[in-house]
>>> print(open('upload.cif').read())   # mmCIF, C-alpha atoms
data_query
loop_
_atom_site.label_atom_id
_atom_site.label_comp_id
_atom_site.auth_asym_id
_atom_site.auth_seq_id
_atom_site.Cartn_x
_atom_site.Cartn_y
_atom_site.Cartn_z
CA MET A 1 -0.53 12.54 -20.05
CA ILE A 2 1.40 9.38 -20.81
CA THR A 3 4.34 8.95 -23.16
CA ALA A 4 4.36 5.81 -25.27
CA ARG A 5 7.35 3.62 -24.61
CA LYS A 6 8.12 0.00 -25.36
CA PHE A 7 8.59 -2.05 -22.24
CA PRO A 8 10.70 -5.20 -21.98
CA LYS A 9 8.87 -8.49 -22.40
CA ILE A 10 9.58 -10.69 -19.42
CA THR A 11 8.65 -14.35 -19.52
CA VAL A 12 8.93 -16.90 -16.75
CA ASP A 13 9.13 -20.56 -17.72
CA LEU A 14 6.80 -22.14 -15.16
CA GLU A 15 8.05 -25.63 -16.06
CA LYS A 16 11.41 -24.62 -14.64
CA CYS A 17 10.36 -22.12 -11.96
CA THR A 18 8.28 -24.25 -9.60
CA VAL A 19 8.89 -23.00 -6.06
CA PRO A 20 9.45 -19.23 -6.44
CA PHE A 21 8.28 -18.40 -2.92
CA LEU A 22 11.05 -20.53 -1.42
CA CYS A 23 13.74 -19.57 -3.94
CA LYS A 24 12.84 -15.84 -4.02
CA LYS A 25 16.24 -14.86 -5.49
CA CYS A 26 14.86 -12.76 -8.36
CA LEU A 27 12.20 -11.21 -6.13
CA GLN A 28 14.78 -9.97 -3.69
CA ILE A 29 17.46 -8.87 -6.16
CA CYS A 30 15.24 -6.84 -8.52
CA PRO A 31 16.09 -3.15 -7.97
CA THR A 32 12.76 -1.86 -9.25
CA VAL A 33 10.44 -4.58 -7.86
CA VAL A 34 9.15 -5.86 -11.16
CA PHE A 35 8.25 -9.36 -9.98
CA HIS A 36 5.31 -10.65 -8.07
CA VAL A 37 4.73 -14.07 -6.56
CA THR A 38 1.19 -15.19 -5.98
CA ARG A 39 -0.87 -18.18 -5.01
CA VAL A 40 -2.58 -20.05 -7.77
CA MET A 41 -6.07 -20.11 -6.38
CA ALA A 42 -9.18 -21.24 -8.07
CA LYS A 43 -12.22 -19.56 -6.58
CA GLU A 44 -13.31 -22.71 -4.79
CA GLU A 45 -9.84 -23.06 -3.31
CA ARG A 46 -9.65 -19.67 -1.73
CA LEU A 47 -10.23 -21.01 1.76
CA LYS A 48 -7.27 -23.36 1.45
CA GLU A 49 -3.78 -22.85 2.75
CA MET A 50 -1.15 -23.26 0.05
CA ASP A 51 2.13 -24.99 0.79
CA PRO A 52 4.95 -23.09 -0.96
CA ARG A 53 7.06 -26.27 -1.08
CA ILE A 54 4.66 -27.93 -3.49
CA ASP A 55 5.49 -27.36 -7.16
CA GLY A 56 3.23 -24.85 -8.83
CA ASN A 57 1.35 -23.68 -5.73
CA TYR A 58 2.96 -20.28 -6.08
CA VAL A 59 3.75 -18.70 -9.43
CA LEU A 60 6.14 -15.97 -10.42
CA PHE A 61 5.23 -13.29 -12.91
CA ALA A 62 6.41 -9.81 -13.85
CA PRO A 63 3.48 -7.36 -13.69
CA ARG A 64 5.55 -4.20 -13.41
CA ARG A 65 7.61 -4.69 -16.55
CA ASP A 66 7.21 -0.95 -17.14
CA LYS A 67 9.78 -0.52 -14.38
CA CYS A 68 12.29 -3.05 -15.74
CA ILE A 69 15.66 -1.46 -16.49
CA MET A 70 17.03 -4.61 -18.16
CA CYS A 71 19.93 -4.99 -15.76
CA ASN A 72 19.47 -8.78 -16.15
CA LYS A 73 20.33 -9.42 -12.50
CA CYS A 74 17.32 -11.72 -12.20
CA ILE A 75 18.55 -13.82 -15.12
CA GLU A 76 21.99 -14.14 -13.58
CA VAL A 77 20.65 -15.10 -10.17
CA CYS A 78 18.04 -17.61 -11.36
CA PRO A 79 19.23 -21.13 -10.49
CA VAL A 80 16.96 -22.83 -13.03
CA ASP A 81 17.36 -20.43 -15.94
CA ALA A 82 13.64 -19.70 -16.15
CA ILE A 83 13.56 -15.95 -16.85
CA LYS A 84 13.79 -14.38 -20.28
CA ILE A 85 13.83 -10.67 -21.02
CA GLU A 86 13.38 -9.43 -24.56
CA VAL A 87 13.47 -5.90 -25.89
CA GLY A 88 9.88 -4.85 -26.43
CA MET B 89 -13.10 18.26 0.50
CA CYS B 90 -11.82 14.76 1.12
CA TYR B 91 -13.93 12.28 -0.79
CA PHE B 92 -14.38 10.09 2.30
CA CYS B 93 -15.27 12.97 4.66
CA ASP B 94 -17.85 14.09 2.16
CA GLU B 95 -19.68 10.80 2.48
CA TYR B 96 -18.76 9.47 5.90
CA GLY B 97 -17.72 12.42 8.03
CA ASP B 98 -19.75 13.87 10.89
CA PRO B 99 -19.05 17.50 11.90
CA GLU B 100 -19.71 16.50 15.52
CA TYR B 101 -16.66 14.28 15.66
CA GLY B 102 -13.02 15.00 14.86
CA ASN B 103 -13.77 18.15 12.83
CA GLY B 104 -15.66 16.08 10.30
CA ILE B 105 -12.74 13.79 9.50
CA TRP B 106 -14.34 10.51 8.47
CA TYR B 107 -12.03 8.10 10.30
CA LEU B 108 -12.60 9.97 13.56
CA ASN B 109 -16.32 9.44 13.26
CA PRO B 110 -17.04 6.58 15.69
CA LYS B 111 -19.96 5.42 13.55
CA ASN B 112 -17.50 4.27 10.89
CA HIS B 113 -15.96 1.89 13.39
CA ALA B 114 -19.24 0.39 14.44
CA ARG B 115 -19.73 -3.34 14.15
CA ASN B 116 -22.65 -3.03 11.79
CA MET B 117 -20.44 -1.31 9.21
CA TYR B 118 -19.06 -4.72 8.41
CA LYS B 119 -20.75 -5.85 5.25
CA LEU B 120 -21.66 -9.44 4.75
CA ARG B 121 -21.07 -10.78 1.29
CA LEU B 122 -24.10 -12.13 -0.49
CA PRO B 123 -23.72 -15.23 -2.66
CA GLY B 124 -22.25 -14.30 -6.02
CA GLU B 125 -21.07 -10.91 -4.86
CA GLY B 126 -17.46 -9.94 -5.21
CA PHE B 127 -14.97 -7.95 -3.14
CA LYS B 128 -16.85 -6.18 -0.37
CA GLY B 129 -16.28 -7.14 3.21
CA ALA B 130 -13.04 -7.61 5.06
CA ASP B 131 -13.62 -11.34 4.76
CA ALA B 132 -12.87 -11.20 1.06
CA GLY B 133 -9.16 -11.46 1.79
CA LEU B 134 -6.61 -10.02 -0.56
CA GLU B 135 -6.02 -13.22 -2.51
CA THR B 136 -9.56 -13.16 -3.76
CA GLY B 137 -9.69 -9.43 -4.20
CA VAL B 138 -9.43 -9.52 -7.98
CA ARG B 139 -11.70 -6.73 -9.06
CA GLU B 140 -13.57 -6.60 -12.27
CA GLY B 141 -12.62 -4.19 -15.01
CA PRO B 142 -9.29 -2.64 -15.99
CA SER B 143 -6.17 -3.12 -13.91
CA ILE B 144 -2.70 -1.62 -13.64
CA LEU B 145 -1.56 -4.23 -16.19
CA ASP B 146 -4.02 -2.80 -18.71
CA LEU B 147 -2.71 0.71 -18.07
CA ILE B 148 0.84 -0.52 -18.74
CA ASN B 149 -0.21 -2.20 -21.99
CA ALA B 150 -2.06 0.93 -23.13
CA THR B 151 1.01 3.04 -22.38
CA GLU B 152 3.09 0.73 -24.52
CA LYS B 153 0.64 1.05 -27.39
CA GLY B 154 0.46 4.80 -26.97
CA ASP B 155 -3.31 4.46 -26.75
CA TYR B 156 -4.06 7.61 -24.76
CA GLU B 157 -7.81 7.49 -25.12
CA GLU B 158 -7.98 3.93 -23.87
CA TYR B 159 -5.61 4.82 -21.04
CA ASP B 160 -7.74 7.74 -19.92
CA ARG B 161 -10.95 5.77 -20.23
CA MET B 162 -9.58 2.92 -18.11
CA LYS B 163 -8.10 5.25 -15.54
CA LYS B 164 -11.42 7.03 -15.17
CA THR B 165 -13.16 3.68 -14.69
CA MET B 166 -10.64 2.79 -12.01
CA GLN B 167 -11.09 6.15 -10.31
CA ALA B 168 -14.86 5.77 -10.39
CA ARG B 169 -14.60 2.48 -8.48
CA GLY B 170 -13.61 4.67 -5.57
CA GLN B 171 -10.57 5.02 -3.42
CA GLY B 172 -9.71 2.25 -1.03
CA SER B 173 -7.35 3.85 1.43
CA GLN B 174 -5.96 7.03 2.93
CA VAL B 175 -2.62 8.08 4.36
CA LEU B 176 -2.66 9.02 8.04
CA PRO B 177 -0.08 10.79 10.17
CA LEU B 178 0.94 9.20 13.46
CA LYS B 179 -1.18 11.39 15.72
CA ASP B 180 -4.37 10.65 13.79
CA ALA B 181 -3.47 6.98 13.74
CA ASP B 182 -3.33 7.00 17.54
CA GLU B 183 -6.84 8.43 17.63
CA VAL B 184 -8.15 5.80 15.22
CA LEU B 185 -6.66 3.01 17.33
CA GLU B 186 -8.77 4.23 20.25
CA LEU B 187 -11.94 3.85 18.22
CA CYS B 188 -11.56 0.43 16.62
CA SER B 189 -11.78 -3.04 18.03
CA PRO B 190 -10.50 -5.70 17.88
CA ILE B 191 -6.97 -4.98 16.69
CA GLY B 192 -4.74 -7.77 15.40
CA LEU B 193 -1.13 -7.70 14.26
CA ILE B 194 -0.61 -9.73 11.10
CA GLY B 195 1.89 -10.38 8.32
CA CYS B 196 2.07 -7.97 5.38
CA ILE B 197 0.58 -9.31 2.16
CA CYS B 198 2.46 -6.88 -0.11
CA ARG B 199 5.92 -7.76 1.17
CA LYS B 200 4.93 -11.38 0.82
CA ASP B 201 3.91 -10.85 -2.80
CA VAL B 202 6.76 -8.71 -4.09
CA ARG B 203 9.74 -9.74 -1.97
CA ALA B 204 8.56 -13.18 -0.77
CA ILE B 205 8.97 -12.08 2.84
CA ASP B 206 7.12 -14.44 5.12
CA GLU B 207 6.21 -12.74 8.40
CA ARG B 208 5.43 -15.65 10.65
CA ASN B 209 5.48 -14.31 14.21
CA GLU B 210 4.66 -11.27 16.28
CA GLU B 211 8.21 -9.97 16.13
CA GLU B 212 7.96 -9.76 12.35
CA TYR B 213 4.40 -8.58 11.72
CA THR B 214 4.23 -5.28 9.81
CA CYS B 215 0.50 -5.13 9.18
CA MET B 216 -2.58 -4.56 11.29
CA GLY B 217 -6.09 -5.82 10.81
CA MET B 218 -8.95 -4.16 12.63
CA GLY B 219 -12.67 -4.43 13.15
CA VAL B 220 -14.95 -7.42 13.57
CA GLY B 221 -13.74 -8.99 10.32
CA MET B 222 -10.56 -9.96 12.16
CA LEU B 223 -12.53 -12.34 14.37
CA LYS B 224 -13.01 -14.55 11.32
CA TRP B 225 -9.31 -14.68 10.46
CA GLU B 226 -9.13 -18.45 10.70
CA ARG B 227 -11.39 -18.75 7.68
CA TRP B 228 -8.51 -17.38 5.55
CA PRO B 229 -5.59 -19.67 6.33
CA GLU B 230 -3.54 -18.54 3.34
CA ARG B 231 -3.84 -14.84 4.14
CA TYR B 232 -3.24 -15.28 7.85
CA LYS B 233 -0.62 -17.99 7.57
CA GLY B 234 1.62 -16.37 10.14
CA GLY B 235 -1.23 -16.15 12.64
CA VAL B 236 -2.68 -13.11 14.36
CA LYS B 237 -1.70 -11.43 17.58
CA PHE B 238 -4.61 -9.56 19.10
CA VAL B 239 -3.43 -6.51 21.01
CA ASN B 240 -4.95 -3.84 23.23
CA ILE B 241 -4.99 -0.12 22.40
CA GLU B 242 -1.77 0.66 24.23
CA GLU B 243 0.11 -2.21 22.58
CA ALA B 244 -1.26 -1.19 19.20
CA LYS B 245 -0.06 2.38 19.67
CA GLU B 246 3.34 1.23 20.82
CA TRP B 247 3.65 -1.01 17.76
CA ASN B 248 2.53 1.82 15.51
CA HIS B 249 5.13 4.18 16.97
CA LYS B 250 7.78 1.51 16.44
CA MET B 251 6.74 1.25 12.78
CA ASP B 252 6.86 5.04 12.46
CA LYS B 253 10.38 5.03 13.85
CA ARG B 254 11.40 2.44 11.27
CA GLY B 255 10.10 4.77 8.59
CA PHE B 256 6.85 3.23 7.39
CA VAL B 257 3.97 5.29 6.03
CA HIS B 258 0.65 4.59 7.78
CA ILE B 259 -2.25 3.85 5.45
CA LEU B 260 -5.79 3.15 6.57
CA MET B 261 -7.44 0.52 4.40
CA LEU B 262 -11.12 0.24 3.61
CA PHE B 263 -12.75 -3.07 2.88
CA GLY B 264 -16.05 -1.94 1.48
CA ALA B 265 -16.30 1.76 2.41
CA PRO B 266 -16.67 3.00 5.06
CA PHE B 267 -15.70 -0.19 6.86
CA ILE B 268 -12.14 0.22 8.11
CA GLY B 269 -10.50 -3.18 7.91
CA GLY B 270 -6.80 -2.62 8.05
CA PHE B 271 -3.96 -0.36 8.88
CA CYS B 272 -0.91 -0.85 6.66
CA GLN B 273 2.67 0.14 7.21
CA CYS B 274 3.99 0.98 3.78
CA ASP B 275 7.07 1.90 1.83
CA TYR B 276 7.83 2.46 -1.82
CA PRO B 277 8.07 0.30 -3.90
CA ASP B 278 7.18 -2.78 -1.84
CA CYS B 279 3.69 -1.70 -0.81
CA GLY B 280 1.03 -2.16 -3.48
CA ALA B 281 -1.28 0.63 -2.32
CA LEU B 282 1.45 3.20 -2.02
CA ARG B 283 3.04 2.21 -5.33
CA THR B 284 -0.23 2.42 -7.22
CA ALA B 285 -0.81 5.84 -5.68
CA VAL B 286 2.63 7.22 -6.51
CA ASP B 287 2.94 5.68 -10.00
CA PHE B 288 -0.63 6.09 -11.20
CA GLY B 289 -2.41 8.42 -8.77
CA LEU B 290 -4.93 5.69 -8.02
CA GLY B 291 -6.36 4.02 -4.94
CA THR B 292 -4.97 5.95 -2.00
CA LEU B 293 -5.95 9.44 -0.89
CA LYS B 294 -3.41 11.82 0.57
CA SER B 295 -3.82 12.78 4.21
CA HIS B 296 -5.59 15.81 5.60
CA TYR B 297 -2.26 17.52 6.12
CA VAL B 298 0.84 18.65 4.28
CA ALA B 299 4.32 19.10 5.72
CA GLU B 300 6.00 22.47 6.03
CA VAL B 301 9.61 23.28 6.91
CA ASP B 302 10.46 26.05 9.35
CA TYR B 303 13.60 27.46 7.76
CA GLU B 304 14.61 29.16 11.02
CA THR B 305 14.84 25.88 12.89
CA CYS B 306 16.00 23.51 10.13
CA ASN B 307 19.74 22.95 10.23
CA GLY B 308 19.91 20.84 7.08
CA CYS B 309 20.83 17.56 8.79
CA GLY B 310 19.04 15.63 6.04
CA ILE B 311 17.43 12.95 8.25
CA CYS B 312 13.95 13.79 6.91
CA ALA B 313 15.10 13.30 3.32
CA GLN B 314 15.77 9.63 4.08
CA ARG B 315 12.26 9.19 5.41
CA CYS B 316 10.17 10.55 2.53
CA GLN B 317 8.65 7.71 0.49
CA PHE B 318 7.07 10.02 -2.07
CA GLY B 319 10.04 11.84 -3.52
CA ALA B 320 8.48 15.03 -2.14
CA LEU B 321 11.21 16.04 0.27
CA LYS B 322 14.81 16.65 -0.65
CA PHE B 323 17.85 18.47 0.57
CA GLU B 324 17.97 21.86 -1.13
CA VAL B 325 21.64 22.44 -1.84
CA THR B 326 21.36 26.21 -2.29
CA SER B 327 19.88 26.91 1.12
CA GLU B 328 21.26 23.81 2.87
CA LYS B 329 17.80 23.09 4.27
CA ALA B 330 15.06 20.57 3.68
CA ASN B 331 12.73 21.42 0.81
CA ILE B 332 9.26 19.98 0.30
CA ASP B 333 7.24 19.80 -2.90
CA GLN B 334 3.82 20.09 -1.28
CA PHE B 335 2.02 18.96 -4.41
CA LYS B 336 3.81 15.62 -4.09
CA CYS B 337 3.55 15.51 -0.29
CA TYR B 338 1.10 12.88 1.01
CA GLY B 339 1.07 14.33 4.52
CA CYS B 340 2.23 11.12 6.20
CA GLY B 341 4.26 13.09 8.72
CA LEU B 342 7.31 10.82 8.67
CA CYS B 343 9.57 13.83 8.12
CA GLU B 344 7.93 15.52 11.10
CA THR B 345 8.33 12.56 13.47
CA GLY B 346 11.90 11.98 12.27
CA CYS B 347 13.09 15.57 12.67
CA PRO B 348 15.37 15.90 15.73
CA ARG B 349 14.77 19.68 15.89
CA GLU B 350 11.01 19.82 15.39
CA ALA B 351 11.60 21.96 12.30
CA ILE B 352 8.85 20.28 10.27
CA LYS B 353 5.17 20.72 11.08
CA LEU B 354 2.08 19.27 9.53
CA VAL B 355 -0.44 21.91 8.53
CA ASP B 356 -4.06 21.43 7.60
CA ARG B 357 -4.39 20.79 3.86
CA LYS B 358 -7.53 22.98 3.84
CA SER B 359 -5.51 25.96 5.08
CA LEU B 360 -3.65 26.08 1.74
CA PRO B 361 -6.16 26.89 -1.01
CA ALA B 362 -4.05 25.49 -3.87
CA LEU B 363 -3.73 22.16 -2.08
CA ALA B 364 -7.18 21.90 -0.56
CA GLU B 365 -8.42 19.65 -3.37
CA VAL B 366 -5.20 17.78 -4.07
CA TRP B 367 -6.06 14.31 -2.77
CA THR B 368 -4.32 12.04 -5.28
#
>>> encode(input="upload.cif", output="structure tokens")
Amino acid sequence: MITARKFPKITVDLEKCTVPFLCKKCLQICPTVVFHVTRVMAKEERLKEMDPRIDGNYVLFAPRRDKCIMCNKCIEVCPVDAIKIEVG
Amino acid sequence: MCYFCDEYGDPEYGNGIWYLNPKNHARNMYKLRLPGEGFKGADAGLETGVREGPSILDLINATEKGDYEEYDRMKKTMQARGQGSQVLPLKDADEVLELCSPIGLIGCICRKDVRAIDERNEEEYTCMGMGVGMLKWERWPERYKGGVKFVNIEEAKEWNHKMDKRGFVHILMLFGAPFIGGFCQCDYPDCGALRTAVDFGLGTLKSHYVAEVDYETCNGCGICAQRCQFGALKFEVTSEKANIDQFKCYGCGLCETGCPREAIKLVDRKSLPALAEVWT
């Protein structure tokens, strides 16, 4: 049985956050591992190697927002001010 | 009975435990993917392994909405897709490593995804790929960016024991059941399979064993409590001994291998009637 609970809304501004795999500050500071960094891969590109230094090849998102405790450490550590957390 | 043993076990081998059935390690278990078909063989690679239907994200959204019916419906759909992995204790892992070939050490995809850890050489690898699918690793340059180090059985066992010492849970991964394609070294919360299992009871089956403490031998040193990734083992203050919640226990055996006094033993899950069908 699940209990309904509002989760924080976490948005990442991809215009600002362009090389998350190299920066990785939020990924490594998050105490509950909310973030995820993944390759942007169209189906026809799945045999390609992606260079993390190229803008937009990797994207950051927050799939496990159910685990976010709103400590805001990721916001503080982000060098480009790309993360926003709102009360759900 | 274990869902996998039911389908893929053979009573002639390893007491019917599916991963000890040599047939499941045979080359022809490797499924080729037909055009237009999705996630099936080991060659699918994790990047492309986006499965159809509901995902963990949908479960989270349904929880937020308080939509229990939708939640249950989606969870059932996800369960019906079948389990993709099973926890193994160290001694069973050693037996599996004798059956499969080839064996390659590789970088972990989960640590790469959630902590941006890039394992680029054999000193760093924390994952293992196995079976003929590994021979095609060069087709997946993004997945196998850090390369592959093919090892023999003895090297593989040595590596596995090193991982056990570090405190990782061993999980056998299927890539299109019953093809065994990988052997992960997991911890909570960094490992996707283990996290999905603990948080949602999906994806990974518990092992064929559960851990039991011998209260005569246990001196309450607490080392085992640091090694449990499932929140199943804790230090019981009243008795000053280790205490295990066997319903939460995945039977990974890390507490057993970490105990300096051999006070923890793995017992057969089937020997405990209330736990015999507790696989998730």
>>> resolve_selection(input="upload.cif", expression="the PyMOL selection byres ((chain B) within 9 of (chain A))", output="PyMOL selection string")
chain B and resi 133+135-136+144-145+148-156+159-160+200-205+227-231+233+277-278
>>> residues_around(input="upload.cif", residues="B:Glu242", least_positions_apart="4", cutoff="9 Å", atoms="all atoms listed in the file", output="list in words")
Leu185, Glu186, Glu246 and Trp247 of chain B
>>> residues_around(input="upload.cif", residues="B:Gln174", least_positions_apart="4", cutoff="6 Å", atoms="only C-alpha atoms", output="MDAnalysis selection string")
chainID B and resid 259:260 292:294
>>> atom_distance(input="upload.cif", atom1="atom CA of B:Glu300", atom2="atom CA of B:Cys93")
23.3 Å
>>> resolve_selection(input="upload.cif", expression="the PyMOL selection byres ((chain B and resi 108) around 9)", output="mmCIF file with C-alpha atoms, in the coordinates of the input")
data_model
loop_
_atom_site.group_PDB
_atom_site.id
_atom_site.type_symbol
_atom_site.label_atom_id
_atom_site.label_comp_id
_atom_site.auth_asym_id
_atom_site.auth_seq_id
_atom_site.Cartn_x
_atom_site.Cartn_y
_atom_site.Cartn_z
ATOM 1 C CA GLY B 97 -17.720 12.420 8.030
ATOM 2 C CA ASP B 98 -19.750 13.870 10.890
ATOM 3 C CA TYR B 101 -16.660 14.280 15.660
ATOM 4 C CA GLY B 102 -13.020 15.000 14.860
ATOM 5 C CA ASN B 103 -13.770 18.150 12.830
ATOM 6 C CA GLY B 104 -15.660 16.080 10.300
ATOM 7 C CA ILE B 105 -12.740 13.790 9.500
ATOM 8 C CA TRP B 106 -14.340 10.510 8.470
ATOM 9 C CA TYR B 107 -12.030 8.100 10.300
ATOM 10 C CA ASN B 109 -16.320 9.440 13.260
ATOM 11 C CA PRO B 110 -17.040 6.580 15.690
ATOM 12 C CA LYS B 111 -19.960 5.420 13.550
ATOM 13 C CA ASN B 112 -17.500 4.270 10.890
ATOM 14 C CA HIS B 113 -15.960 1.890 13.390
ATOM 15 C CA ASP B 180 -4.370 10.650 13.790
ATOM 16 C CA GLU B 183 -6.840 8.430 17.630
ATOM 17 C CA VAL B 184 -8.150 5.800 15.220
ATOM 18 C CA LEU B 187 -11.940 3.850 18.220
#
>>> closest_residue(input="upload.cif", among="A:Lys84, A:Lys73, A:Lys16, A:Pro79", to="A:Asp55", atoms="only C-alpha atoms")
A:Lys16
>>> residues_around(input="upload.cif", residues="B:Thr214", least_positions_apart="2", cutoff="9 Å", atoms="only C-alpha atoms", output="PDB file with C-alpha atoms, keeping the file's coordinate frame")
ATOM      1  CA  LEU B 193      -1.130  -7.700  14.260  1.00  0.00           C
ATOM      2  CA  ILE B 194      -0.610  -9.730  11.100  1.00  0.00           C
ATOM      3  CA  GLY B 195       1.890 -10.380   8.320  1.00  0.00           C
ATOM      4  CA  CYS B 196       2.070  -7.970   5.380  1.00  0.00           C
ATOM      5  CA  GLU B 207       6.210 -12.740   8.400  1.00  0.00           C
ATOM      6  CA  GLU B 210       4.660 -11.270  16.280  1.00  0.00           C
ATOM      7  CA  GLU B 211       8.210  -9.970  16.130  1.00  0.00           C
ATOM      8  CA  GLU B 212       7.960  -9.760  12.350  1.00  0.00           C
ATOM      9  CA  MET B 216      -2.580  -4.560  11.290  1.00  0.00           C
ATOM     10  CA  MET B 251       6.740   1.250  12.780  1.00  0.00           C
ATOM     11  CA  CYS B 272      -0.910  -0.850   6.660  1.00  0.00           C
ATOM     12  CA  GLN B 273       2.670   0.140   7.210  1.00  0.00           C
ATOM     13  CA  CYS B 274       3.990   0.980   3.780  1.00  0.00           C
TER      14      CYS B 274
END
>>> residues_around(input="upload.cif", residues="A:Ile83", least_positions_apart="5", cutoff="9 Å", atoms="all atoms listed in the file", output="VMD selection string")
chain A and resid 10 to 13 17 74 to 75 78
>>> closest_residue(input="upload.cif", among="A:Cys71, A:Ala82, A:Val77, A:Ile54", to="A:Glu15", atoms="all atoms listed in the file")
A:Ala82
>>> resolve_selection(input="upload.cif", expression="the PyMOL selection byres ((chain B and resi 266) around 10)", output="NGL selection string")
:B and (92 or 95-97 or 106-107 or 111-113 or 117-119 or 172 or 261-265 or 267-269)
>>> residues_around(input="upload.cif", residues="B:Val220", least_positions_apart="3", cutoff="8 Å", atoms="only C-alpha atoms", output="JSON, numbers by chain")
{"B": [115, 118, 189, 190, 223, 224]}
>>> closest_residue(input="upload.cif", among="B:Phe288, B:Gly270, B:Val298, B:Asn248", to="B:Asp356", atoms="all atoms listed in the file")
B:Val298
>>> closest_residue(input="upload.cif", among="B:Ala281, B:Ile197, B:Ser295, B:Asp287", to="B:Lys358", atoms="all atoms listed in the file")
B:Ser295
>>> atom_distance(input="upload.cif", atom1="atom CA of B:Thr284", atom2="atom CA of B:Pro177")
19.3 Å
>>> atom_distance(input="upload.cif", atom1="atom CA of A:Cys68", atom2="atom CA of B:Lys336")
23.6 Å
>>> decode(input="upload.cif", residues="stretch 32-47 of chain A", atoms="N, CA and C atoms", output="compact mmCIF listing (two decimals), in the first residue's frame")
# COMPACT_ATOMS: atom_id res chain seq x y z
N THR A 32 20.72 11.49 -1.21
CA THR A 32 19.75 10.41 -1.46
C THR A 32 19.76 9.93 -2.92
N VAL A 33 20.76 10.35 -3.68
CA VAL A 33 20.93 9.92 -5.08
C VAL A 33 19.65 10.13 -5.90
N VAL A 34 19.29 11.38 -6.02
CA VAL A 34 18.09 11.76 -6.76
C VAL A 34 18.40 11.91 -8.25
N PHE A 35 19.62 12.34 -8.55
CA PHE A 35 19.96 12.68 -9.93
C PHE A 35 20.44 11.49 -10.75
N HIS A 36 20.40 11.72 -12.04
CA HIS A 36 20.79 10.70 -13.00
C HIS A 36 21.38 11.43 -14.19
N VAL A 37 22.48 10.96 -14.69
CA VAL A 37 23.03 11.58 -15.90
C VAL A 37 23.03 10.52 -17.00
N THR A 38 22.55 10.90 -18.17
CA THR A 38 22.45 9.88 -19.20
C THR A 38 22.83 10.43 -20.56
N ARG A 39 23.13 9.53 -21.46
CA ARG A 39 23.47 9.93 -22.81
C ARG A 39 22.19 10.27 -23.55
N VAL A 40 22.27 11.28 -24.37
CA VAL A 40 21.13 11.58 -25.23
C VAL A 40 21.36 10.77 -26.49
N MET A 41 20.58 9.71 -26.64
CA MET A 41 20.85 8.83 -27.77
C MET A 41 19.59 8.54 -28.56
N ALA A 42 19.61 9.02 -29.77
CA ALA A 42 18.55 8.63 -30.68
C ALA A 42 18.80 7.17 -31.02
N LYS A 43 17.76 6.46 -31.41
CA LYS A 43 17.92 5.04 -31.66
C LYS A 43 19.03 4.73 -32.68
N GLU A 44 19.07 5.57 -33.71
CA GLU A 44 20.08 5.31 -34.75
C GLU A 44 21.49 5.66 -34.29
N GLU A 45 21.58 6.32 -33.13
CA GLU A 45 22.90 6.72 -32.64
C GLU A 45 23.42 5.79 -31.55
N ARG A 46 22.70 4.72 -31.30
CA ARG A 46 23.07 3.92 -30.14
C ARG A 46 24.40 3.18 -30.29
N LEU A 47 24.93 3.13 -31.48
CA LEU A 47 26.22 2.48 -31.65
C LEU A 47 27.37 3.48 -31.59
